[in-house]
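Colleague: Can you keep this structure in mind? I'll have questions shortly.
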Amino acid sequence: MTGSEVPHAFRLAYVPGVTPAKWVRIWNERLPDVPLALAQVSSAEVFGVLRSGDADAGFVRLPVDRTDLSAIPLYTETTVVVVPKDHVVAAAEEVTTEDLADEVVWQPLDDTLDWEQLPGQPAIERPATTADAIELVAAGVGVLVVPQSLARLHHRKDLTYRPVSDAPTSRVALSWPQAEPTPDLVEEFIGIVRGRTVNSTRGRPQTPPQPKAKRKAPEKATGTGKGGGGARRGTGAASGKAAGKNPRSGSGGSGGAKGGRGGKPRRRP
């Protein structure tokens with residue numbers, strides 16, 4: 001986003017059972033000036049909400065039609081059977097679909113599991129919603145096989161649930177309408193869901209790197225300087241030689257005296 005853009009609310013849809021609180025908290029920490037609006041939408045309606053533009057992104061259950069929607073799979077849920085607390089299944093840690101062979105297994109119209117063959121005895125009708133099916137189980141009529149998140153969502157003190165090892169599973173994904181380029185706020189949320197750090201620049205306009213300042217090379221001595229140095233050395237040498245030849249100089253006199261001592265003494269007349 002550029003500084004001139006006024007950020008609007010980011011609209012996030014999510015299906016029942018998904019808890020987006022963790023991602024919402026991170027969003028509010030990183031983008032406190034952009035409100036995030038949440039809307040719980042049924043699994044049957046959520047894709048229509050995304051396609052109509054009533055939500056910028058949404059937590060959905062796979063499969064997703066990739067013709068006009070993008071999706072990132074996030075996690076796979078455990079499948080459980082919901083039963084009364086005094087049911088025989090409640091004594092086991094885990095069951096199979098064969099253990100449900102004698103039970104009436106409800107399949108609500110909003111069922112999110114892709115069954116090839118529903119286990120148990122066929123029910124007379126299909127409840128409209130998972131919540132309706134829960135009420136039937138609480139009344140002691142049949143059992144219900146659902147993703148664990150839905151069992152928790154519809155928790156009741158008189159009901160419990162156990163994992164079903166060979167039942168189909170539900171996969172949760174983040175989905176959004178396909179667009180080129182992907183809107184900045186959607187990229188921001190994708191980054192949060194994928195665990196990118198706050199310093200990540202993906203999805204944000206990047207500032208071109210500034211060129212590094214070149215180190216200034218040390219200045220070379222000019223020709224005048226060199227000549228001056230040479231002249232000074234030359235002057236010193238010439239002065240030394242002149243001092244050696246001058247009989248009046250101290251150094252020349254010293255040399256002459258040494259010479260006198262080294263020769264034969266002169267006789268006096």
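The way I read the labels, and the way they are meant: chains A, B, ... in the order of the structure tokens, residue 1 as the first residue of every chain, and ligand 1 as the first ligand shown, with later ones counted on from there.
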Restrict the calculation to only C-alpha atoms, then for each residue of region 122-169 of chain A with any atom at most 12 Å from an atom of region 60-67 of chain A give the closest atom pair and their distance in Å to one decimal, rows by chain and rising residue number, as a Markdown table.

Modeller:
```
| residue | atom | partner | partner_atom | distance |
| --- | --- | --- | --- | --- |
| A:Pro147 | CA | A:Arg61 | CA | 10.6 |
| A:Ser149 | CA | A:Arg61 | CA | 11.9 |
| A:Thr169 | CA | A:Leu62 | CA | 10.1 |
```

Colleague: Those same residues, written as a PDB file, in the first residue's frame with N, CA, C and O atoms?

Modeller:
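After the write, result25.pdb holds the following:
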```pdb
ATOM      1  N   PRO A 147     -15.892 -33.706  11.645  1.00  0.00           N
ATOM      2  CA  PRO A 147     -14.562 -33.227  12.021  1.00  0.00           C
ATOM      3  C   PRO A 147     -14.554 -32.834  13.508  1.00  0.00           C
ATOM      4  O   PRO A 147     -15.549 -32.350  14.035  1.00  0.00           O
ATOM      5  N   SER A 149     -13.327 -30.388  15.076  1.00  0.00           N
ATOM      6  CA  SER A 149     -13.617 -28.983  15.382  1.00  0.00           C
ATOM      7  C   SER A 149     -15.115 -28.735  15.501  1.00  0.00           C
ATOM      8  O   SER A 149     -15.555 -27.910  16.314  1.00  0.00           O
ATOM      9  N   THR A 169     -11.400 -37.649   6.079  1.00  0.00           N
ATOM     10  CA  THR A 169     -10.993 -36.481   6.860  1.00  0.00           C
ATOM     11  C   THR A 169     -11.371 -35.191   6.128  1.00  0.00           C
ATOM     12  O   THR A 169     -11.627 -35.191   4.923  1.00  0.00           O
TER      13      THR A 169
END
```

Colleague: Compile the contact shell of region 89-93 of chain A as a PyMOL selection string: residues with an atom at most 9 Å away, counting only C-alpha atoms, same-chain residues fewer than 5 positions apart removed.

Modeller: chain A and resi 81+83-84+99-100+160-163

Colleague: Would you pick out the contacts of Val198 (chain A) at 10 Å or less, using only C-alpha atoms, so that residues sharing its chain but fewer than 6 positions from it are not included, and give the list as a ChimeraX atom specification?

Modeller: /A:26,29-30,188,191-192

Colleague: Could you write out that same residue set with C-alpha atoms as an mmCIF file, in the first residue's frame?

Modeller:
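The resulting result.cif:
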```cif
data_model
loop_
_atom_site.group_PDB
_atom_site.id
_atom_site.type_symbol
_atom_site.label_atom_id
_atom_site.label_comp_id
_atom_site.auth_asym_id
_atom_site.auth_seq_id
_atom_site.Cartn_x
_atom_site.Cartn_y
_atom_site.Cartn_z
ATOM 1 C CA ILE A 26 -1.274 -11.164 14.489
ATOM 2 C CA GLU A 29 -0.536 -6.309 15.834
ATOM 3 C CA ARG A 30 0.934 -5.726 12.369
ATOM 4 C CA GLU A 188 -0.536 -9.522 3.889
ATOM 5 C CA GLY A 191 1.937 -13.977 4.759
ATOM 6 C CA ILE A 192 0.499 -14.125 8.280
#
```

Colleague: Do you know which residues are at most 12 Å from region 112-129 of chain A counting only C-alpha atoms, after dropping those on the same chain fewer than 3 positions away, and could you put them as a count of residues only?

Modeller: 55

Colleague: Please return as a PDB file with all heavy atoms, in the first residue's frame: the residues of region 49-128 of chain A that backbone DSSP assigns to strand (DSSP E or B).

Modeller:
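And here is the file that came out, out_13.pdb:
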```
ATOM      1  N   ALA A  57     -11.119 -12.902   1.652  1.00  0.00           N
ATOM      2  CA  ALA A  57     -10.526 -14.236   1.778  1.00  0.00           C
ATOM      3  C   ALA A  57     -11.364 -15.011   2.781  1.00  0.00           C
ATOM      4  O   ALA A  57     -12.217 -14.435   3.479  1.00  0.00           O
ATOM      5  CB  ALA A  57      -9.069 -14.150   2.235  1.00  0.00           C
ATOM      6  N   GLY A  58     -11.136 -16.317   2.843  1.00  0.00           N
ATOM      7  CA  GLY A  58     -11.932 -17.116   3.774  1.00  0.00           C
ATOM      8  C   GLY A  58     -11.268 -18.432   4.110  1.00  0.00           C
ATOM      9  O   GLY A  58     -10.531 -19.002   3.294  1.00  0.00           O
ATOM     10  N   PHE A  59     -11.527 -18.902   5.312  1.00  0.00           N
ATOM     11  CA  PHE A  59     -11.117 -20.249   5.713  1.00  0.00           C
ATOM     12  C   PHE A  59     -12.233 -21.192   5.306  1.00  0.00           C
ATOM     13  O   PHE A  59     -13.377 -21.048   5.751  1.00  0.00           O
ATOM     14  CB  PHE A  59     -10.874 -20.312   7.218  1.00  0.00           C
ATOM     15  CG  PHE A  59      -9.643 -19.573   7.649  1.00  0.00           C
ATOM     16  CD1 PHE A  59      -9.739 -18.397   8.363  1.00  0.00           C
ATOM     17  CD2 PHE A  59      -8.381 -20.058   7.340  1.00  0.00           C
ATOM     18  CE1 PHE A  59      -8.606 -17.710   8.767  1.00  0.00           C
ATOM     19  CE2 PHE A  59      -7.234 -19.376   7.728  1.00  0.00           C
ATOM     20  CZ  PHE A  59      -7.353 -18.202   8.444  1.00  0.00           C
ATOM     21  N   VAL A  60     -11.889 -22.164   4.452  1.00  0.00           N
ATOM     22  CA  VAL A  60     -12.887 -23.062   3.872  1.00  0.00           C
ATOM     23  C   VAL A  60     -12.439 -24.508   4.086  1.00  0.00           C
ATOM     24  O   VAL A  60     -11.340 -24.761   4.588  1.00  0.00           O
ATOM     25  CB  VAL A  60     -13.053 -22.778   2.361  1.00  0.00           C
ATOM     26  CG1 VAL A  60     -13.440 -21.323   2.123  1.00  0.00           C
ATOM     27  CG2 VAL A  60     -11.771 -23.107   1.594  1.00  0.00           C
ATOM     28  N   ARG A  61     -13.286 -25.413   3.687  1.00  0.00           N
ATOM     29  CA  ARG A  61     -12.909 -26.836   3.676  1.00  0.00           C
ATOM     30  C   ARG A  61     -12.788 -27.296   2.230  1.00  0.00           C
ATOM     31  O   ARG A  61     -13.621 -26.972   1.385  1.00  0.00           O
ATOM     32  CB  ARG A  61     -13.931 -27.684   4.440  1.00  0.00           C
ATOM     33  CG  ARG A  61     -13.854 -27.496   5.946  1.00  0.00           C
ATOM     34  CD  ARG A  61     -14.686 -28.528   6.709  1.00  0.00           C
ATOM     35  NE  ARG A  61     -14.382 -28.458   8.130  1.00  0.00           N
ATOM     36  CZ  ARG A  61     -14.984 -27.649   8.995  1.00  0.00           C
ATOM     37  NH1 ARG A  61     -15.932 -26.826   8.559  1.00  0.00           N
ATOM     38  NH2 ARG A  61     -14.649 -27.638  10.268  1.00  0.00           N
ATOM     39  N   LEU A  69     -10.888 -19.541  -8.002  1.00  0.00           N
ATOM     40  CA  LEU A  69     -10.474 -19.344  -6.622  1.00  0.00           C
ATOM     41  C   LEU A  69      -9.088 -19.947  -6.401  1.00  0.00           C
ATOM     42  O   LEU A  69      -8.767 -20.989  -6.969  1.00  0.00           O
ATOM     43  CB  LEU A  69     -11.465 -19.998  -5.650  1.00  0.00           C
ATOM     44  CG  LEU A  69     -12.887 -19.432  -5.611  1.00  0.00           C
ATOM     45  CD1 LEU A  69     -13.764 -20.273  -4.694  1.00  0.00           C
ATOM     46  CD2 LEU A  69     -12.895 -17.976  -5.143  1.00  0.00           C
ATOM     47  N   SER A  70      -8.286 -19.266  -5.614  1.00  0.00           N
ATOM     48  CA  SER A  70      -6.992 -19.812  -5.198  1.00  0.00           C
ATOM     49  C   SER A  70      -7.139 -20.363  -3.791  1.00  0.00           C
ATOM     50  O   SER A  70      -8.045 -19.979  -3.045  1.00  0.00           O
ATOM     51  CB  SER A  70      -5.918 -18.716  -5.210  1.00  0.00           C
ATOM     52  OG  SER A  70      -5.749 -18.196  -6.509  1.00  0.00           O
ATOM     53  N   ALA A  71      -6.244 -21.284  -3.407  1.00  0.00           N
ATOM     54  CA  ALA A  71      -6.339 -21.884  -2.075  1.00  0.00           C
ATOM     55  C   ALA A  71      -4.979 -22.383  -1.616  1.00  0.00           C
ATOM     56  O   ALA A  71      -4.158 -22.829  -2.419  1.00  0.00           O
ATOM     57  CB  ALA A  71      -7.343 -23.036  -2.072  1.00  0.00           C
ATOM     58  N   ILE A  72      -4.756 -22.273  -0.306  1.00  0.00           N
ATOM     59  CA  ILE A  72      -3.569 -22.821   0.338  1.00  0.00           C
ATOM     60  C   ILE A  72      -4.037 -23.815   1.400  1.00  0.00           C
ATOM     61  O   ILE A  72      -4.643 -23.409   2.406  1.00  0.00           O
ATOM     62  CB  ILE A  72      -2.735 -21.731   1.021  1.00  0.00           C
ATOM     63  CG1 ILE A  72      -2.298 -20.666   0.018  1.00  0.00           C
ATOM     64  CG2 ILE A  72      -1.524 -22.329   1.726  1.00  0.00           C
ATOM     65  CD1 ILE A  72      -1.644 -19.464   0.679  1.00  0.00           C
ATOM     66  N   PRO A  73      -3.811 -25.123   1.226  1.00  0.00           N
ATOM     67  CA  PRO A  73      -4.184 -26.088   2.281  1.00  0.00           C
ATOM     68  C   PRO A  73      -3.403 -25.798   3.561  1.00  0.00           C
ATOM     69  O   PRO A  73      -2.203 -25.524   3.519  1.00  0.00           O
ATOM     70  CB  PRO A  73      -3.790 -27.440   1.673  1.00  0.00           C
ATOM     71  CG  PRO A  73      -3.716 -27.199   0.193  1.00  0.00           C
ATOM     72  CD  PRO A  73      -3.250 -25.779   0.033  1.00  0.00           C
ATOM     73  N   LEU A  74      -4.088 -25.858   4.697  1.00  0.00           N
ATOM     74  CA  LEU A  74      -3.461 -25.518   5.972  1.00  0.00           C
ATOM     75  C   LEU A  74      -3.269 -26.736   6.877  1.00  0.00           C
ATOM     76  O   LEU A  74      -2.174 -26.985   7.357  1.00  0.00           O
ATOM     77  CB  LEU A  74      -4.291 -24.455   6.699  1.00  0.00           C
ATOM     78  CG  LEU A  74      -4.456 -23.121   5.968  1.00  0.00           C
ATOM     79  CD1 LEU A  74      -5.350 -22.177   6.764  1.00  0.00           C
ATOM     80  CD2 LEU A  74      -3.092 -22.485   5.719  1.00  0.00           C
ATOM     81  N   TYR A  75      -4.332 -27.476   7.134  1.00  0.00           N
ATOM     82  CA  TYR A  75      -4.201 -28.627   8.027  1.00  0.00           C
ATOM     83  C   TYR A  75      -5.350 -29.602   7.788  1.00  0.00           C
ATOM     84  O   TYR A  75      -6.371 -29.249   7.194  1.00  0.00           O
ATOM     85  CB  TYR A  75      -4.156 -28.190   9.495  1.00  0.00           C
ATOM     86  CG  TYR A  75      -5.366 -27.394   9.961  1.00  0.00           C
ATOM     87  CD1 TYR A  75      -6.500 -28.018  10.477  1.00  0.00           C
ATOM     88  CD2 TYR A  75      -5.364 -25.998   9.899  1.00  0.00           C
ATOM     89  CE1 TYR A  75      -7.598 -27.295  10.900  1.00  0.00           C
ATOM     90  CE2 TYR A  75      -6.458 -25.257  10.325  1.00  0.00           C
ATOM     91  CZ  TYR A  75      -7.573 -25.914  10.839  1.00  0.00           C
ATOM     92  OH  TYR A  75      -8.659 -25.190  11.248  1.00  0.00           O
ATOM     93  N   THR A  76      -5.158 -30.836   8.278  1.00  0.00           N
ATOM     94  CA  THR A  76      -6.173 -31.880   8.176  1.00  0.00           C
ATOM     95  C   THR A  76      -6.750 -32.148   9.553  1.00  0.00           C
ATOM     96  O   THR A  76      -6.007 -32.302  10.532  1.00  0.00           O
ATOM     97  CB  THR A  76      -5.565 -33.174   7.604  1.00  0.00           C
ATOM     98  OG1 THR A  76      -5.025 -32.901   6.296  1.00  0.00           O
ATOM     99  CG2 THR A  76      -6.618 -34.269   7.483  1.00  0.00           C
ATOM    100  N   THR A  79     -11.210 -36.909  12.420  1.00  0.00           N
ATOM    101  CA  THR A  79     -12.638 -37.215  12.335  1.00  0.00           C
ATOM    102  C   THR A  79     -13.059 -38.002  13.579  1.00  0.00           C
ATOM    103  O   THR A  79     -12.361 -38.931  14.004  1.00  0.00           O
ATOM    104  CB  THR A  79     -12.943 -38.040  11.078  1.00  0.00           C
ATOM    105  OG1 THR A  79     -12.504 -37.294   9.919  1.00  0.00           O
ATOM    106  CG2 THR A  79     -14.431 -38.324  10.950  1.00  0.00           C
ATOM    107  N   VAL A  80     -14.184 -37.614  14.171  1.00  0.00           N
ATOM    108  CA  VAL A  80     -14.653 -38.248  15.407  1.00  0.00           C
ATOM    109  C   VAL A  80     -16.118 -38.643  15.280  1.00  0.00           C
ATOM    110  O   VAL A  80     -16.838 -38.144  14.400  1.00  0.00           O
ATOM    111  CB  VAL A  80     -14.476 -37.307  16.622  1.00  0.00           C
ATOM    112  CG1 VAL A  80     -13.009 -36.924  16.800  1.00  0.00           C
ATOM    113  CG2 VAL A  80     -15.336 -36.049  16.469  1.00  0.00           C
ATOM    114  N   VAL A  81     -16.545 -39.530  16.173  1.00  0.00           N
ATOM    115  CA  VAL A  81     -17.963 -39.880  16.264  1.00  0.00           C
ATOM    116  C   VAL A  81     -18.493 -39.300  17.572  1.00  0.00           C
ATOM    117  O   VAL A  81     -17.880 -39.440  18.630  1.00  0.00           O
ATOM    118  CB  VAL A  81     -18.190 -41.407  16.205  1.00  0.00           C
ATOM    119  CG1 VAL A  81     -17.422 -42.146  17.300  1.00  0.00           C
ATOM    120  CG2 VAL A  81     -19.689 -41.731  16.273  1.00  0.00           C
ATOM    121  N   VAL A  82     -19.608 -38.592  17.477  1.00  0.00           N
ATOM    122  CA  VAL A  82     -20.241 -37.981  18.645  1.00  0.00           C
ATOM    123  C   VAL A  82     -21.313 -38.936  19.167  1.00  0.00           C
ATOM    124  O   VAL A  82     -22.197 -39.374  18.415  1.00  0.00           O
ATOM    125  CB  VAL A  82     -20.864 -36.623  18.280  1.00  0.00           C
ATOM    126  CG1 VAL A  82     -21.499 -35.977  19.520  1.00  0.00           C
ATOM    127  CG2 VAL A  82     -19.816 -35.693  17.682  1.00  0.00           C
ATOM    128  N   VAL A  83     -21.227 -39.248  20.478  1.00  0.00           N
ATOM    129  CA  VAL A  83     -22.145 -40.209  21.107  1.00  0.00           C
ATOM    130  C   VAL A  83     -22.528 -39.709  22.498  1.00  0.00           C
ATOM    131  O   VAL A  83     -21.833 -38.859  23.072  1.00  0.00           O
ATOM    132  CB  VAL A  83     -21.487 -41.600  21.235  1.00  0.00           C
ATOM    133  CG1 VAL A  83     -21.158 -42.189  19.870  1.00  0.00           C
ATOM    134  CG2 VAL A  83     -20.231 -41.525  22.107  1.00  0.00           C
ATOM    135  N   PRO A  84     -23.614 -40.239  23.071  1.00  0.00           N
ATOM    136  CA  PRO A  84     -23.925 -39.926  24.467  1.00  0.00           C
ATOM    137  C   PRO A  84     -22.820 -40.452  25.395  1.00  0.00           C
ATOM    138  O   PRO A  84     -22.133 -41.423  25.066  1.00  0.00           O
ATOM    139  CB  PRO A  84     -25.252 -40.655  24.712  1.00  0.00           C
ATOM    140  CG  PRO A  84     -25.853 -40.814  23.342  1.00  0.00           C
ATOM    141  CD  PRO A  84     -24.702 -41.015  22.422  1.00  0.00           C
ATOM    142  N   VAL A  95     -12.203 -45.792  17.586  1.00  0.00           N
ATOM    143  CA  VAL A  95     -13.068 -46.793  16.959  1.00  0.00           C
ATOM    144  C   VAL A  95     -12.855 -46.795  15.450  1.00  0.00           C
ATOM    145  O   VAL A  95     -12.163 -45.913  14.911  1.00  0.00           O
ATOM    146  CB  VAL A  95     -14.555 -46.522  17.278  1.00  0.00           C
ATOM    147  CG1 VAL A  95     -14.809 -46.592  18.766  1.00  0.00           C
ATOM    148  CG2 VAL A  95     -14.978 -45.159  16.729  1.00  0.00           C
ATOM    149  N   VAL A 104     -27.406 -46.046  13.925  1.00  0.00           N
ATOM    150  CA  VAL A 104     -27.942 -45.102  12.942  1.00  0.00           C
ATOM    151  C   VAL A 104     -26.957 -43.934  12.882  1.00  0.00           C
ATOM    152  O   VAL A 104     -26.703 -43.270  13.905  1.00  0.00           O
ATOM    153  CB  VAL A 104     -29.348 -44.600  13.333  1.00  0.00           C
ATOM    154  CG1 VAL A 104     -29.783 -43.475  12.397  1.00  0.00           C
ATOM    155  CG2 VAL A 104     -30.347 -45.739  13.325  1.00  0.00           C
ATOM    156  N   VAL A 105     -26.379 -43.704  11.724  1.00  0.00           N
ATOM    157  CA  VAL A 105     -25.391 -42.630  11.565  1.00  0.00           C
ATOM    158  C   VAL A 105     -26.045 -41.495  10.788  1.00  0.00           C
ATOM    159  O   VAL A 105     -26.403 -41.654   9.621  1.00  0.00           O
ATOM    160  CB  VAL A 105     -24.126 -43.141  10.838  1.00  0.00           C
ATOM    161  CG1 VAL A 105     -23.121 -41.998  10.659  1.00  0.00           C
ATOM    162  CG2 VAL A 105     -23.483 -44.291  11.613  1.00  0.00           C
ATOM    163  N   TRP A 106     -26.165 -40.352  11.436  1.00  0.00           N
ATOM    164  CA  TRP A 106     -26.783 -39.201  10.789  1.00  0.00           C
ATOM    165  C   TRP A 106     -25.806 -38.532   9.827  1.00  0.00           C
ATOM    166  O   TRP A 106     -24.617 -38.421  10.109  1.00  0.00           O
ATOM    167  CB  TRP A 106     -27.226 -38.168  11.837  1.00  0.00           C
ATOM    168  CG  TRP A 106     -28.260 -38.662  12.793  1.00  0.00           C
ATOM    169  CD1 TRP A 106     -28.087 -38.972  14.103  1.00  0.00           C
ATOM    170  CD2 TRP A 106     -29.628 -38.909  12.496  1.00  0.00           C
ATOM    171  NE1 TRP A 106     -29.258 -39.400  14.658  1.00  0.00           N
ATOM    172  CE2 TRP A 106     -30.226 -39.374  13.690  1.00  0.00           C
ATOM    173  CE3 TRP A 106     -30.426 -38.805  11.351  1.00  0.00           C
ATOM    174  CZ2 TRP A 106     -31.582 -39.716  13.767  1.00  0.00           C
ATOM    175  CZ3 TRP A 106     -31.763 -39.140  11.423  1.00  0.00           C
ATOM    176  CH2 TRP A 106     -32.333 -39.596  12.622  1.00  0.00           C
ATOM    177  N   GLN A 121     -26.359 -47.919  10.001  1.00  0.00           N
ATOM    178  CA  GLN A 121     -27.699 -48.113   9.457  1.00  0.00           C
ATOM    179  C   GLN A 121     -28.208 -46.813   8.832  1.00  0.00           C
ATOM    180  O   GLN A 121     -27.936 -45.731   9.354  1.00  0.00           O
ATOM    181  CB  GLN A 121     -28.657 -48.558  10.576  1.00  0.00           C
ATOM    182  CG  GLN A 121     -28.228 -49.845  11.273  1.00  0.00           C
ATOM    183  CD  GLN A 121     -28.205 -51.009  10.308  1.00  0.00           C
ATOM    184  OE1 GLN A 121     -29.133 -51.184   9.486  1.00  0.00           O
ATOM    185  NE2 GLN A 121     -27.156 -51.827  10.367  1.00  0.00           N
TER     186      GLN A 121
END
```

Colleague: One decimal, Å: what's the distance from CA of Leu153 (chain A) over to CA of Gln40 (chain A), could you say?

Modeller: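 If I compute the distance from CA of Leu153 (chain A) to CA of Gln40 (chain A), I get 12.7 Å.
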
Colleague: What is the distance, in Å and to one decimal place, between CA of Pro35 (chain A) and CA of Leu50 (chain A)?

Modeller: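 Spanning CA of Pro35 (chain A) to CA of Leu50 (chain A) is a straight-line distance of 18.5 Å.
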
Colleague: What is the CA of Ser165 (chain A) to CA of Glu94 (chain A) distance in Å?

Modeller: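 Separation of CA of Ser165 (chain A) and CA of Glu94 (chain A): 6.9 Å.
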
Colleague: From the set A:Ala13, A:Val24, A:Leu159, A:Leu185, which residue has the shortest atom-to-atom contact distance to Glu45 (chain A), counting only C-alpha atoms?

Modeller: A:Ala13

Colleague: Nearest residue to Asp54 (chain A) out of A:Leu38, A:Arg11, A:Val88, A:Val18, using only C-alpha atoms?

Modeller: A:Arg11
